[in-house]
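Undergrad: Before I ask anything, let me first share the structure, which is written out below as structure tokens.
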Protein chains: 2
Amino acid sequence: MIDDLVVRKAETFREKQNIEVLVGHRALSIDGRGRVLAVAAQGGQPRSIPYDRLLIATGARPVVPDRPGFELEGVMTLKSLEDGRNIKSFLDSGRVHNAVIIGMGYIALEMCEALRGRGVTVTMVKPRSTLLPWMPGELSSAVRHELERNQVQVQTGFSIDRIEREGRNLRVVGSDAAFTADLVLTAVGVQPNSELAVQAGLDLGPGRAIAVDRSLRTSDPAIYAAGDCADAFHVVTGARTWIPLALRANRAGWAVADHVCGRAVELPGVVGSAVFKVFSLEVARTGVTISEAGQAGFEPVQVIIESGSRAHSHPGSVSIKVHMVGDKKSGRLLGVQMVGQEGVAHRINSVAVALHAGMTVDQFLQCDLAYAPPFGPSWDPLLTAANQLVKLL
Amino acid sequence: MIDDLVVRKAETFREKQNIEVLVGHRALSIDGRGRVLAVAAQGGQPRSIPYDRLLIATGARPVVPDRPGFELEGVMTLKSLEDGRNIKSFLDSGRVHNAVIIGMGYIALEMCEALRGRGVTVTMVKPRSTLLPWMPGELSSAVRHELERNQVQVQTGFSIDRIEREGRNLRVVGSDAAFTADLVLTAVGVQPNSELAVQAGLDLGPGRAIAVDRSLRTSDPAIYAAGDCADAFHVVTGARTWIPLALRANRAGWAVADHVCGRAVELPGVVGSAVFKVFSLEVARTGVTISEAGQAGFEPVQVIIESGSRAHSHPGSVSIKVHMVGDKKSGRLLGVQMVGQEGVAHRINSVAVALHAGMTVDQFLQCDLAYAPPFGPSWDPLLTAANQLVKLL
């Protein structure tokens with residue numbers, strides 16, 4: 001099952017594409033002036049590989065808090081297939097009845113659902129007092145409610161001090177509370193594996209990701225970087241950003257290949273689209289938040305509206321909440337966040353396209369979105385939000 | 001239940017908004033030069049109402065084939081609430097076991113599902129040999145399959161000759177076949193109620209809809225038209241089109257009110273977005289078909305791809321088929337059609353926005369669409385289609 005996640009194996013690269021893949025090897029350092037990469041097999045001697053063009057695609061790794069106890073058995077992260085296998089076999093051992101998840105990002109929320117699906121009691125903890133700080137309270141409360149409805153204990157404002165072993169259990173100790181668990185999952189985010197780039201003297205961008213231009217070139221034009229280790233331009237703000245997600249990583253890899261093969265390719269960048277599922281709730285965002293918009297020099301205004309997922313005449317309609325941000329100076333649409341039990345995940349993409357097109361809120365409001373009673377009101381929730389927002393612009 | 005569909009009653013207009021609503025009246029004729037409208041109550045004498053600005057919002061009515069028997073009891077159309085009540089009470093009488101639906105448009109397909117839901121045997125007939133002629137066979141076959149999977153008999157190439165009464169039953173007679181039914185539903189499309197406009201000498205557009213400019217003014221600047229009786233500009237072709245759907249009708253009404261009240265409003269037009277449900281299948285389109293594109297002077301190329309509704313690692317993924325059309329001359333994205341059991345209805349809207357923005361296929365391909373395993377592959381089916389199409393441009 002986990003092995004099904006391997007899209008392509010090293011042998012495929014070798015046999016079908018004549019690409020030499022040195023598995024079990026580590027890239028040690030880059031000599032940018034001499035265009036030489038130093039590599040070594042595990043326990044082996046370093047050797048040099050010359051290059052004309054070099055791609056750094058080292059990805060990202062989970063952040064592990066610098067506190068005692070994170071090395072204990074039963075304290076895990078989820079990034080690699082190996083991590084997945086470890087968690088799965090630990091769960092299969094039948095010893096896991098309680099889990100504490102540190103963090104509330106996408107991985108944390110997905111793992112929370114997977115653990116509850118196996119009947120594991122889950123407590124989620126994070127130091128900040130807000131559940132999803134980038135989201136207004138009217139929307140994040142729907143997420144909190146969905147977690148609680150699924151018997152997940154949500155403990156915000158919990159600053160972790162250490163993890164201890166207590167007999168067969170683990171104890172997650174904070175400043176004023178502690179939780180006992182059989183499994184502790186650390187999911188407080190990722191950091192780019194940019195050490196090679198630092199050693200080679202390449203420029204870094206936000207979050208210490210490797211800075212790349214629209215053709216994925218680093219500050220050394222013979223060296224590219226792509227994937228979760230590299231930054232990108234934000235189409236809404238024009239500034240560099242680091243939002244490590246699958247589509248951008250994949251797209252950047254293809255673009256590097258095109259570029260190296262002589263096809264000039266420029267990627268415009270990202271708009272920060274993301275979607276995740278929290279039990280039966282869909283949560284999505286694209287563009288910038290109101291505070292990101294302010295920091296980027298916009299004069300942001302916002303609305304929050306509630307609408308139905310289906311026409312009022314259609315049975316089974318549920319609530320969709322839409323938060324929309326626009327710029328008072330230019331009238332531009334800047335970002336949207338949505339939550340709802342249905343009709344959220346793909347709806348966000350119409351906004352993503354509008355952001356790429358640099359549309360004003362009014363231009364978006366004029367878009368001819370598809371309507372049928374099972375799929376929404378005749379005025380799509382996004383149009384209703386835009387209709388309210390234009391009044392503030 | 002049916003009365004719940006009435007969003008606002010005549011009394012509400014009178015009491016809350018001080019708008020005089022003459023129900024039970026008929027507009028007889030327009031004197032555009034004198035700016036006078038002639039109206040009459042049922043059986044009453046005509047009287048004149050002077051106007052500064054006039055809005056024609058007469059809607060559309062079902063097309064009834066000019067063949068014998070369509071006046072028989074049990075042969076029905078569905079447009080008004082009264083029609084809905086009639087069909088419902090006829091069904092409630094318990095006499096309806098077999099129904100023949102003439103036509104295969106949105107109303108026909110929705111009624112088909114409603115009738116099957118009540119256990120009525122349904123046969124759908126239409127004269128043309130193709131099920132949905134605007135859709136390529138690879139996609140329309142999925143619709144046919146879904147109908148047949150739900151025990152709906154689909155009879156294309158059936159040219160209706162007449163309807164006869166045969167004892168307690170109706171007999172729908174074609175050139176080389178006949179079907180017996182308790183209920184015959186005519187749903188072969190609508191035509192605009194544009195007779196008043198014709199009498200007043202106003203210009204007509206496609207389908208004999210009332211021609212309006214982007215401010216919904218007819219060829220007489222004191223007279224507006226909005227709703228299913230009026231045409232619109234197609235944003236992709238720039239030409240006039242008549243696609244009578246709810247969102248445009250509603251939007252046009254608001255725009256006329258704005259315009260009459262002195263707020264200059266221009267509606268860019270429609271891109272022909274539509275979505276409908278056929279049992280558990282979602283079917284959606286936006287933009288122009290390959291043949292419409294050719295007629296509009298484009299040099300259209302197309303792809304049809306099949307993708308999954310979820311990531312390959314995620315259980316429950318079903319097939320989504322995407323048909324995408326682009327222009328070889330300009331690289332522009334021209335239209336998309338999609339079918340699938342999930343993830344189709346709202347996905348189409350990202351294309352609708354791209355069409356409003358006049359994006360090329362390549363620009364659309366660069367859009368940062370949201371990804372999570374439960375909601376699609378990391379390359380959205382629409383991006384996969386764009387990726388294939390861009391190679392033909």
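Ligands are numbered from 1 in the order shown, chains are lettered A, B, ... in the order of the structure tokens, and residues start at 1 in each chain.
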Write out as an mmCIF file with all heavy atoms, in the first residue's frame the residues lying within 6 Å of Pro381 of chain A, counting only C-alpha atoms and excluding same-chain residues fewer than 2 positions away.

TA:
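Writing done, so here's selection09.cif:
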data_model
loop_
_atom_site.group_PDB
_atom_site.id
_atom_site.type_symbol
_atom_site.label_atom_id
_atom_site.label_comp_id
_atom_site.auth_asym_id
_atom_site.auth_seq_id
_atom_site.Cartn_x
_atom_site.Cartn_y
_atom_site.Cartn_z
ATOM 1 N N SER A 307 -23.396 31.380 2.770
ATOM 2 C CA SER A 307 -24.316 31.054 1.686
ATOM 3 C C SER A 307 -24.604 29.554 1.747
ATOM 4 O O SER A 307 -24.081 28.839 2.592
ATOM 5 C CB SER A 307 -23.674 31.455 0.358
ATOM 6 O OG SER A 307 -24.521 31.163 -0.724
ATOM 7 N N LEU A 383 -19.675 34.788 -5.864
ATOM 8 C CA LEU A 383 -20.221 36.008 -6.464
ATOM 9 C C LEU A 383 -20.943 36.837 -5.406
ATOM 10 O O LEU A 383 -20.865 38.074 -5.416
ATOM 11 C CB LEU A 383 -21.160 35.652 -7.619
ATOM 12 C CG LEU A 383 -20.518 34.920 -8.800
ATOM 13 C CD1 LEU A 383 -21.555 34.651 -9.883
ATOM 14 C CD2 LEU A 383 -19.347 35.703 -9.377
ATOM 15 N N THR A 384 -21.626 36.163 -4.495
ATOM 16 C CA THR A 384 -22.284 36.882 -3.398
ATOM 17 C C THR A 384 -21.249 37.633 -2.570
ATOM 18 O O THR A 384 -21.444 38.802 -2.204
ATOM 19 C CB THR A 384 -23.072 35.893 -2.514
ATOM 20 O OG1 THR A 384 -24.081 35.283 -3.330
ATOM 21 C CG2 THR A 384 -23.720 36.580 -1.334
#

Undergrad: Pull out every residue of chain A sitting within 8 Å of chain B, counting only C-alpha atoms, and send them as a VMD selection string.

TA: chain A and resid 4 to 5 246 to 248 267 to 277 284 286 313 343 345 to 354 356 to 357 359 364 366 to 372 374 to 375 378 to 379

Undergrad: What's around Pro206 of chain B at 9 Å? Count only C-alpha atoms, leave out sequence neighbours fewer than 6 positions away in its own chain, and write the answer as number ranges by chain.

TA: B: 231, 240-242

Undergrad: After a least-squares superposition on chain A over all sequentially paired C-alpha atoms, what is chain B as a short mmCIF file (atom, residue, chain, number, x, y, z; two decimals) with C-alpha atoms, in the first residue's frame?

TA:
data_model
loop_
_atom_site.label_atom_id
_atom_site.label_comp_id
_atom_site.auth_asym_id
_atom_site.auth_seq_id
_atom_site.Cartn_x
_atom_site.Cartn_y
_atom_site.Cartn_z
CA MET B 1 -0.01 -0.04 -0.01
CA ILE B 2 2.66 2.47 1.00
CA ASP B 3 4.87 1.23 -1.84
CA ASP B 4 2.09 2.17 -4.26
CA LEU B 5 3.02 5.76 -3.50
CA VAL B 6 6.35 5.30 -5.30
CA VAL B 7 5.57 6.72 -8.72
CA ARG B 8 8.85 5.73 -10.32
CA LYS B 9 11.73 3.60 -9.08
CA ALA B 10 15.45 4.11 -9.56
CA GLU B 11 15.60 1.16 -11.99
CA THR B 12 13.00 2.80 -14.22
CA PHE B 13 15.19 5.88 -14.56
CA ARG B 14 18.16 3.72 -15.40
CA GLU B 15 16.50 1.25 -17.75
CA LYS B 16 13.92 3.36 -19.54
CA GLN B 17 15.54 6.77 -19.57
CA ASN B 18 19.25 6.06 -19.33
CA ILE B 19 19.55 8.29 -16.26
CA GLU B 20 22.12 7.25 -13.69
CA VAL B 21 20.59 7.44 -10.23
CA LEU B 22 23.00 7.18 -7.32
CA VAL B 23 20.77 5.95 -4.51
CA GLY B 24 22.38 5.66 -1.09
CA HIS B 25 24.60 8.61 -1.94
CA ARG B 26 24.84 11.98 -0.35
CA ALA B 27 25.72 15.27 -2.05
CA LEU B 28 28.40 16.82 0.15
CA SER B 29 29.26 20.14 -1.44
CA ILE B 30 29.11 22.22 -4.59
CA ASP B 31 32.10 23.92 -6.16
CA GLY B 32 30.24 26.49 -8.25
CA ARG B 33 33.36 28.02 -9.78
CA GLY B 34 34.76 24.64 -10.87
CA ARG B 35 31.29 23.23 -11.60
CA VAL B 36 31.92 20.13 -9.60
CA LEU B 37 29.71 18.34 -7.12
CA ALA B 38 31.24 16.24 -4.32
CA VAL B 39 29.24 13.10 -3.44
CA ALA B 40 29.79 10.06 -1.29
CA ALA B 41 28.10 6.71 -0.82
CA GLN B 42 27.27 5.87 2.76
CA GLY B 43 30.57 5.14 4.49
CA GLY B 44 32.42 5.62 1.18
CA GLN B 45 35.06 8.08 0.03
CA PRO B 46 33.98 11.41 -1.48
CA ARG B 47 34.20 11.66 -5.26
CA SER B 48 33.67 14.49 -7.70
CA ILE B 49 31.07 14.75 -10.43
CA PRO B 50 31.52 17.60 -12.91
CA TYR B 51 28.40 19.32 -14.27
CA ASP B 52 27.32 21.82 -16.89
CA ARG B 53 24.02 22.39 -15.18
CA LEU B 54 23.10 21.35 -11.66
CA LEU B 55 19.65 21.01 -10.14
CA ILE B 56 19.16 21.14 -6.39
CA ALA B 57 15.96 19.29 -5.56
CA THR B 58 16.58 18.42 -1.95
CA GLY B 59 13.07 19.12 -0.71
CA ALA B 60 12.15 20.01 2.83
CA ARG B 61 12.20 18.24 6.17
CA PRO B 62 9.91 18.43 9.19
CA VAL B 63 10.76 21.00 11.81
CA VAL B 64 11.49 19.30 15.10
CA PRO B 65 11.22 21.59 18.14
CA ASP B 66 14.49 22.08 19.99
CA ARG B 67 13.19 20.65 23.25
CA PRO B 68 14.10 17.53 25.24
CA GLY B 69 12.45 14.23 24.42
CA PHE B 70 11.77 14.51 20.70
CA GLU B 71 14.24 11.66 20.14
CA LEU B 72 12.19 9.22 22.26
CA GLU B 73 10.67 6.11 20.74
CA GLY B 74 7.06 6.80 19.83
CA VAL B 75 7.74 10.46 18.96
CA MET B 76 7.43 10.59 15.20
CA THR B 77 7.32 12.86 12.18
CA LEU B 78 5.66 12.20 8.83
CA LYS B 79 7.62 13.12 5.73
CA SER B 80 9.20 10.11 4.05
CA LEU B 81 7.73 6.76 3.10
CA GLU B 82 9.91 5.34 5.86
CA ASP B 83 8.15 7.62 8.35
CA GLY B 84 4.81 6.36 7.01
CA ARG B 85 5.90 2.75 7.42
CA ASN B 86 7.12 3.42 10.97
CA ILE B 87 3.87 5.07 12.02
CA LYS B 88 1.83 2.36 10.40
CA SER B 89 3.72 -0.53 12.03
CA PHE B 90 3.60 1.25 15.38
CA LEU B 91 -0.18 1.59 15.01
CA ASP B 92 -0.46 -2.04 13.86
CA SER B 93 1.29 -3.14 17.05
CA GLY B 94 -1.95 -2.37 18.86
CA ARG B 95 -0.19 -0.30 21.53
CA VAL B 96 -1.53 3.06 20.39
CA HIS B 97 -4.72 4.20 22.12
CA ASN B 98 -3.91 7.86 22.65
CA ALA B 99 -2.02 10.21 20.39
CA VAL B 100 -0.89 13.77 20.79
CA ILE B 101 -0.34 15.72 17.59
CA ILE B 102 1.89 18.76 17.89
CA GLY B 103 0.87 21.29 15.24
CA MET B 104 -2.30 21.98 13.27
CA GLY B 105 -1.16 22.27 9.66
CA TYR B 106 -2.27 20.12 6.72
CA ILE B 107 -0.25 17.05 7.76
CA ALA B 108 -1.41 17.36 11.36
CA LEU B 109 -5.06 17.57 10.29
CA GLU B 110 -4.78 14.69 7.84
CA MET B 111 -3.07 12.49 10.41
CA CYS B 112 -5.68 13.46 12.97
CA GLU B 113 -8.42 12.14 10.69
CA ALA B 114 -6.46 8.97 9.90
CA LEU B 115 -5.86 8.27 13.60
CA ARG B 116 -9.49 8.90 14.55
CA GLY B 117 -10.45 6.53 11.72
CA ARG B 118 -8.48 3.83 13.60
CA GLY B 119 -10.21 4.66 16.86
CA VAL B 120 -7.23 6.40 18.42
CA THR B 121 -8.01 9.21 20.87
CA VAL B 122 -6.38 12.38 19.57
CA THR B 123 -5.29 15.59 21.26
CA MET B 124 -3.94 18.38 19.05
CA VAL B 125 -1.75 20.98 20.69
CA LYS B 126 -0.13 24.17 19.45
CA PRO B 127 1.51 27.13 21.17
CA ARG B 128 -0.47 29.94 19.54
CA SER B 129 -3.89 30.80 20.89
CA THR B 130 -5.62 30.65 17.51
CA LEU B 131 -6.40 27.45 15.64
CA LEU B 132 -5.57 28.61 12.12
CA PRO B 133 -4.10 32.08 12.58
CA TRP B 134 -4.32 32.97 8.87
CA MET B 135 -8.10 32.49 8.93
CA PRO B 136 -10.75 34.76 10.47
CA GLY B 137 -12.45 33.39 13.56
CA GLU B 138 -15.82 33.01 11.81
CA LEU B 139 -14.25 30.40 9.53
CA SER B 140 -11.75 28.74 11.85
CA SER B 141 -14.52 28.16 14.39
CA ALA B 142 -16.13 25.85 11.83
CA VAL B 143 -12.88 23.88 11.69
CA ARG B 144 -12.68 23.73 15.50
CA HIS B 145 -16.30 22.62 15.67
CA GLU B 146 -15.66 19.87 13.12
CA LEU B 147 -12.66 18.61 15.12
CA GLU B 148 -14.63 18.61 18.36
CA ARG B 149 -17.60 16.93 16.66
CA ASN B 150 -15.14 14.13 15.91
CA GLN B 151 -13.95 13.91 19.52
CA VAL B 152 -10.62 15.56 18.86
CA GLN B 153 -9.37 17.56 21.82
CA VAL B 154 -7.99 20.86 20.57
CA GLN B 155 -5.54 22.57 22.89
CA THR B 156 -4.38 25.92 21.57
CA GLY B 157 -2.07 28.10 23.66
CA PHE B 158 -0.11 25.04 24.76
CA SER B 159 3.60 25.82 24.79
CA ILE B 160 5.56 22.58 24.81
CA ASP B 161 8.34 22.26 27.33
CA ARG B 162 9.52 18.67 26.91
CA ILE B 163 8.49 15.08 26.22
CA GLU B 164 9.18 12.48 28.89
CA ARG B 165 8.82 8.75 29.11
CA GLU B 166 6.47 7.70 31.90
CA GLY B 167 6.41 3.92 32.16
CA ARG B 168 5.01 2.63 28.87
CA ASN B 169 3.63 6.05 27.98
CA LEU B 170 4.92 9.34 26.74
CA ARG B 171 4.13 12.57 28.55
CA VAL B 172 3.95 15.83 26.62
CA VAL B 173 4.66 18.51 29.18
CA GLY B 174 3.77 22.18 28.69
CA SER B 175 4.10 25.19 30.93
CA ASP B 176 0.76 24.66 32.65
CA ALA B 177 -0.58 21.31 31.42
CA ALA B 178 0.56 17.84 30.34
CA PHE B 179 -0.87 15.12 28.12
CA THR B 180 -0.16 11.42 28.20
CA ALA B 181 0.06 9.49 24.92
CA ASP B 182 1.28 6.29 23.31
CA LEU B 183 2.22 8.16 20.14
CA VAL B 184 3.36 11.75 19.68
CA LEU B 185 3.31 13.09 16.14
CA THR B 186 5.32 16.23 15.41
CA ALA B 187 3.79 18.18 12.54
CA VAL B 188 4.70 21.81 13.14
CA GLY B 189 5.74 22.45 9.55
CA VAL B 190 8.75 21.95 7.30
CA GLN B 191 12.00 23.74 6.56
CA PRO B 192 13.87 23.71 3.26
CA ASN B 193 16.91 21.48 2.86
CA SER B 194 18.99 24.40 1.67
CA GLU B 195 22.30 23.62 3.42
CA LEU B 196 24.06 22.66 0.17
CA ALA B 197 23.01 25.97 -1.33
CA VAL B 198 24.23 27.88 1.72
CA GLN B 199 27.58 26.10 1.53
CA ALA B 200 27.80 26.99 -2.18
CA GLY B 201 27.09 30.63 -1.38
CA LEU B 202 23.77 30.79 -3.23
CA ASP B 203 21.19 33.42 -2.32
CA LEU B 204 18.38 32.44 -0.02
CA GLY B 205 14.77 33.65 -0.04
CA PRO B 206 11.96 33.61 2.52
CA GLY B 207 12.12 30.83 5.10
CA ARG B 208 15.72 30.13 4.05
CA ALA B 209 14.48 28.50 0.85
CA ILE B 210 16.82 28.70 -2.12
CA ALA B 211 16.07 31.88 -4.09
CA VAL B 212 15.26 31.19 -7.76
CA ASP B 213 14.18 33.37 -10.67
CA ARG B 214 11.16 32.63 -12.89
CA SER B 215 13.28 30.09 -14.80
CA LEU B 216 14.22 28.34 -11.55
CA ARG B 217 17.84 29.53 -11.72
CA THR B 218 19.60 30.26 -8.46
CA SER B 219 22.01 33.15 -8.04
CA ASP B 220 24.51 30.91 -9.87
CA PRO B 221 23.05 30.64 -13.40
CA ALA B 222 24.48 27.13 -13.87
CA ILE B 223 22.56 25.91 -10.81
CA TYR B 224 18.81 25.43 -10.67
CA ALA B 225 16.64 24.67 -7.66
CA ALA B 226 13.14 23.19 -7.74
CA GLY B 227 10.70 21.62 -5.33
CA ASP B 228 10.13 22.27 -1.66
CA CYS B 229 13.72 23.56 -1.21
CA ALA B 230 13.16 26.54 -3.54
CA ASP B 231 11.13 29.72 -3.29
CA ALA B 232 8.73 31.24 -5.82
CA PHE B 233 7.21 34.56 -6.77
CA HIS B 234 3.78 35.34 -5.40
CA VAL B 235 1.62 36.47 -8.30
CA VAL B 236 -0.55 38.69 -6.08
CA THR B 237 2.21 40.58 -4.25
CA GLY B 238 5.04 40.18 -6.77
CA ALA B 239 7.32 39.32 -3.85
CA ARG B 240 9.25 36.16 -3.14
CA THR B 241 7.41 33.59 -1.07
CA TRP B 242 7.96 30.07 0.16
CA ILE B 243 4.84 27.90 0.00
CA PRO B 244 6.11 24.34 -0.43
CA LEU B 245 3.25 22.46 -2.13
CA ALA B 246 3.08 19.57 -4.58
CA LEU B 247 1.87 21.26 -7.77
CA ARG B 248 4.50 24.00 -7.72
CA ALA B 249 7.23 21.45 -6.94
CA ASN B 250 6.16 19.24 -9.82
CA ARG B 251 5.74 22.13 -12.23
CA ALA B 252 9.14 23.55 -11.31
CA GLY B 253 10.80 20.21 -12.03
CA TRP B 254 9.35 20.09 -15.52
CA ALA B 255 10.30 23.72 -16.13
CA VAL B 256 13.94 23.10 -15.22
CA ALA B 257 14.06 20.16 -17.62
CA ASP B 258 12.59 22.34 -20.36
CA HIS B 259 15.01 25.14 -19.62
CA VAL B 260 18.10 22.94 -19.51
CA CYS B 261 17.02 21.40 -22.83
CA GLY B 262 16.96 24.84 -24.40
CA ARG B 263 13.27 25.67 -24.21
CA ALA B 264 12.91 29.05 -22.51
CA VAL B 265 10.26 28.69 -19.84
CA GLU B 266 9.16 31.23 -17.27
CA LEU B 267 6.84 30.32 -14.44
CA PRO B 268 4.73 33.27 -13.29
CA GLY B 269 4.64 31.90 -9.74
CA VAL B 270 2.08 30.88 -7.18
CA VAL B 271 -1.03 32.43 -5.70
CA GLY B 272 -0.95 30.31 -2.55
CA SER B 273 -3.85 27.99 -3.37
CA ALA B 274 -4.37 25.22 -0.87
CA VAL B 275 -7.18 22.91 0.12
CA PHE B 276 -7.55 20.35 2.85
CA LYS B 277 -10.15 18.10 4.34
CA VAL B 278 -10.97 18.03 8.04
CA PHE B 279 -13.26 15.04 8.46
CA SER B 280 -16.32 16.07 6.43
CA LEU B 281 -15.30 19.72 6.16
CA GLU B 282 -13.57 21.20 3.13
CA VAL B 283 -11.24 24.13 3.79
CA ALA B 284 -9.61 26.12 1.01
CA ARG B 285 -7.68 29.31 0.45
CA THR B 286 -5.98 31.19 -2.34
CA GLY B 287 -4.24 34.54 -2.56
CA VAL B 288 -3.22 36.56 0.46
CA THR B 289 -4.80 37.01 3.86
CA ILE B 290 -5.87 40.43 5.07
CA SER B 291 -2.67 40.81 7.11
CA GLU B 292 -0.43 39.58 4.27
CA ALA B 293 -2.21 42.07 2.01
CA GLY B 294 -1.49 44.91 4.43
CA GLN B 295 2.17 43.90 4.71
CA ALA B 296 2.43 43.84 0.91
CA GLY B 297 1.33 47.47 0.70
CA PHE B 298 -2.28 46.98 -0.32
CA GLU B 299 -5.13 48.78 1.39
CA PRO B 300 -7.16 45.67 2.11
CA VAL B 301 -10.88 45.45 2.84
CA GLN B 302 -12.74 42.24 3.57
CA VAL B 303 -16.13 40.59 3.79
CA ILE B 304 -17.32 37.36 5.31
CA ILE B 305 -20.55 35.93 3.93
CA GLU B 306 -22.49 32.76 4.52
CA SER B 307 -24.32 31.07 1.69
CA GLY B 308 -25.78 27.69 0.78
CA SER B 309 -24.01 24.90 -1.04
CA ARG B 310 -27.14 24.30 -3.14
CA ALA B 311 -30.11 26.32 -4.36
CA HIS B 312 -32.60 27.18 -1.61
CA SER B 313 -35.14 24.91 -3.30
CA HIS B 314 -32.76 21.96 -3.28
CA PRO B 315 -32.66 19.57 -0.31
CA GLY B 316 -29.37 18.91 1.47
CA SER B 317 -27.93 22.40 1.21
CA VAL B 318 -25.27 23.15 3.84
CA SER B 319 -23.50 26.33 4.87
CA ILE B 320 -20.54 27.69 2.97
CA LYS B 321 -18.62 30.54 4.54
CA VAL B 322 -16.57 32.79 2.28
CA HIS B 323 -13.97 35.33 3.37
CA MET B 324 -12.89 37.63 0.53
CA VAL B 325 -10.19 40.31 0.52
CA GLY B 326 -9.83 43.13 -2.00
CA ASP B 327 -7.64 46.20 -2.44
CA LYS B 328 -9.37 49.55 -1.92
CA LYS B 329 -6.77 51.37 -4.00
CA SER B 330 -6.88 49.28 -7.18
CA GLY B 331 -10.13 47.34 -6.75
CA ARG B 332 -8.12 44.14 -7.19
CA LEU B 333 -9.20 40.81 -5.82
CA LEU B 334 -6.49 39.67 -3.38
CA GLY B 335 -7.62 36.45 -1.76
CA VAL B 336 -10.37 34.13 -0.63
CA GLN B 337 -10.80 31.60 2.11
CA MET B 338 -13.73 29.16 2.31
CA VAL B 339 -15.08 26.46 4.57
CA GLY B 340 -18.04 24.15 4.07
CA GLN B 341 -19.18 20.53 4.05
CA GLU B 342 -19.33 20.49 0.25
CA GLY B 343 -18.63 22.67 -2.76
CA VAL B 344 -15.48 24.32 -1.40
CA ALA B 345 -12.49 22.36 -2.74
CA HIS B 346 -12.87 23.07 -6.45
CA ARG B 347 -14.72 26.36 -6.10
CA ILE B 348 -11.54 28.01 -4.82
CA ASN B 349 -9.86 27.45 -8.20
CA SER B 350 -12.03 30.01 -9.98
CA VAL B 351 -10.54 32.59 -7.61
CA ALA B 352 -7.03 31.24 -8.18
CA VAL B 353 -7.45 31.83 -11.92
CA ALA B 354 -8.86 35.31 -11.27
CA LEU B 355 -5.77 36.12 -9.18
CA HIS B 356 -3.46 34.95 -11.96
CA ALA B 357 -5.41 37.18 -14.35
CA GLY B 358 -5.07 40.14 -11.96
CA MET B 359 -8.84 40.66 -11.96
CA THR B 360 -10.59 43.32 -9.96
CA VAL B 361 -13.36 42.23 -7.61
CA ASP B 362 -15.82 43.78 -10.05
CA GLN B 363 -14.41 41.82 -12.99
CA PHE B 364 -14.67 38.63 -10.98
CA LEU B 365 -18.24 39.54 -10.04
CA GLN B 366 -19.13 39.65 -13.75
CA CYS B 367 -17.93 36.11 -14.43
CA ASP B 368 -20.45 33.69 -15.83
CA LEU B 369 -20.18 30.83 -13.34
CA ALA B 370 -22.15 27.66 -13.94
CA TYR B 371 -25.39 27.18 -12.03
CA ALA B 372 -27.66 24.24 -11.30
CA PRO B 373 -29.71 23.73 -8.11
CA PRO B 374 -27.77 20.66 -6.83
CA PHE B 375 -24.47 22.56 -7.01
CA GLY B 376 -25.17 26.03 -5.69
CA PRO B 377 -27.44 29.06 -5.63
CA SER B 378 -27.89 30.94 -8.93
CA TRP B 379 -25.53 33.53 -7.43
CA ASP B 380 -22.53 31.43 -6.52
CA PRO B 381 -21.31 32.01 -2.92
CA LEU B 382 -18.15 33.55 -4.42
CA LEU B 383 -20.22 36.01 -6.45
CA THR B 384 -22.28 36.90 -3.39
CA ALA B 385 -19.06 37.65 -1.54
CA ALA B 386 -17.75 39.71 -4.46
CA ASN B 387 -21.06 41.56 -4.61
CA GLN B 388 -20.67 42.57 -0.95
CA LEU B 389 -16.98 43.36 -1.27
CA VAL B 390 -17.40 45.60 -4.30
CA LYS B 391 -19.56 47.92 -2.17
CA LEU B 392 -16.56 48.56 0.11
CA LEU B 393 -14.19 49.40 -2.72
#

Undergrad: Can you check which residues of segment 151-345 of chain A DSSP gives as strand (DSSP E or B) on the backbone and send them as a ChimeraX atom specification?

TA: /A:152-155,160-166,169-174,178-181,183-186,190-192,204,210,217,223-225,230,232-234,240-241,270,274-278,281-287,300-308,319-327,332-340
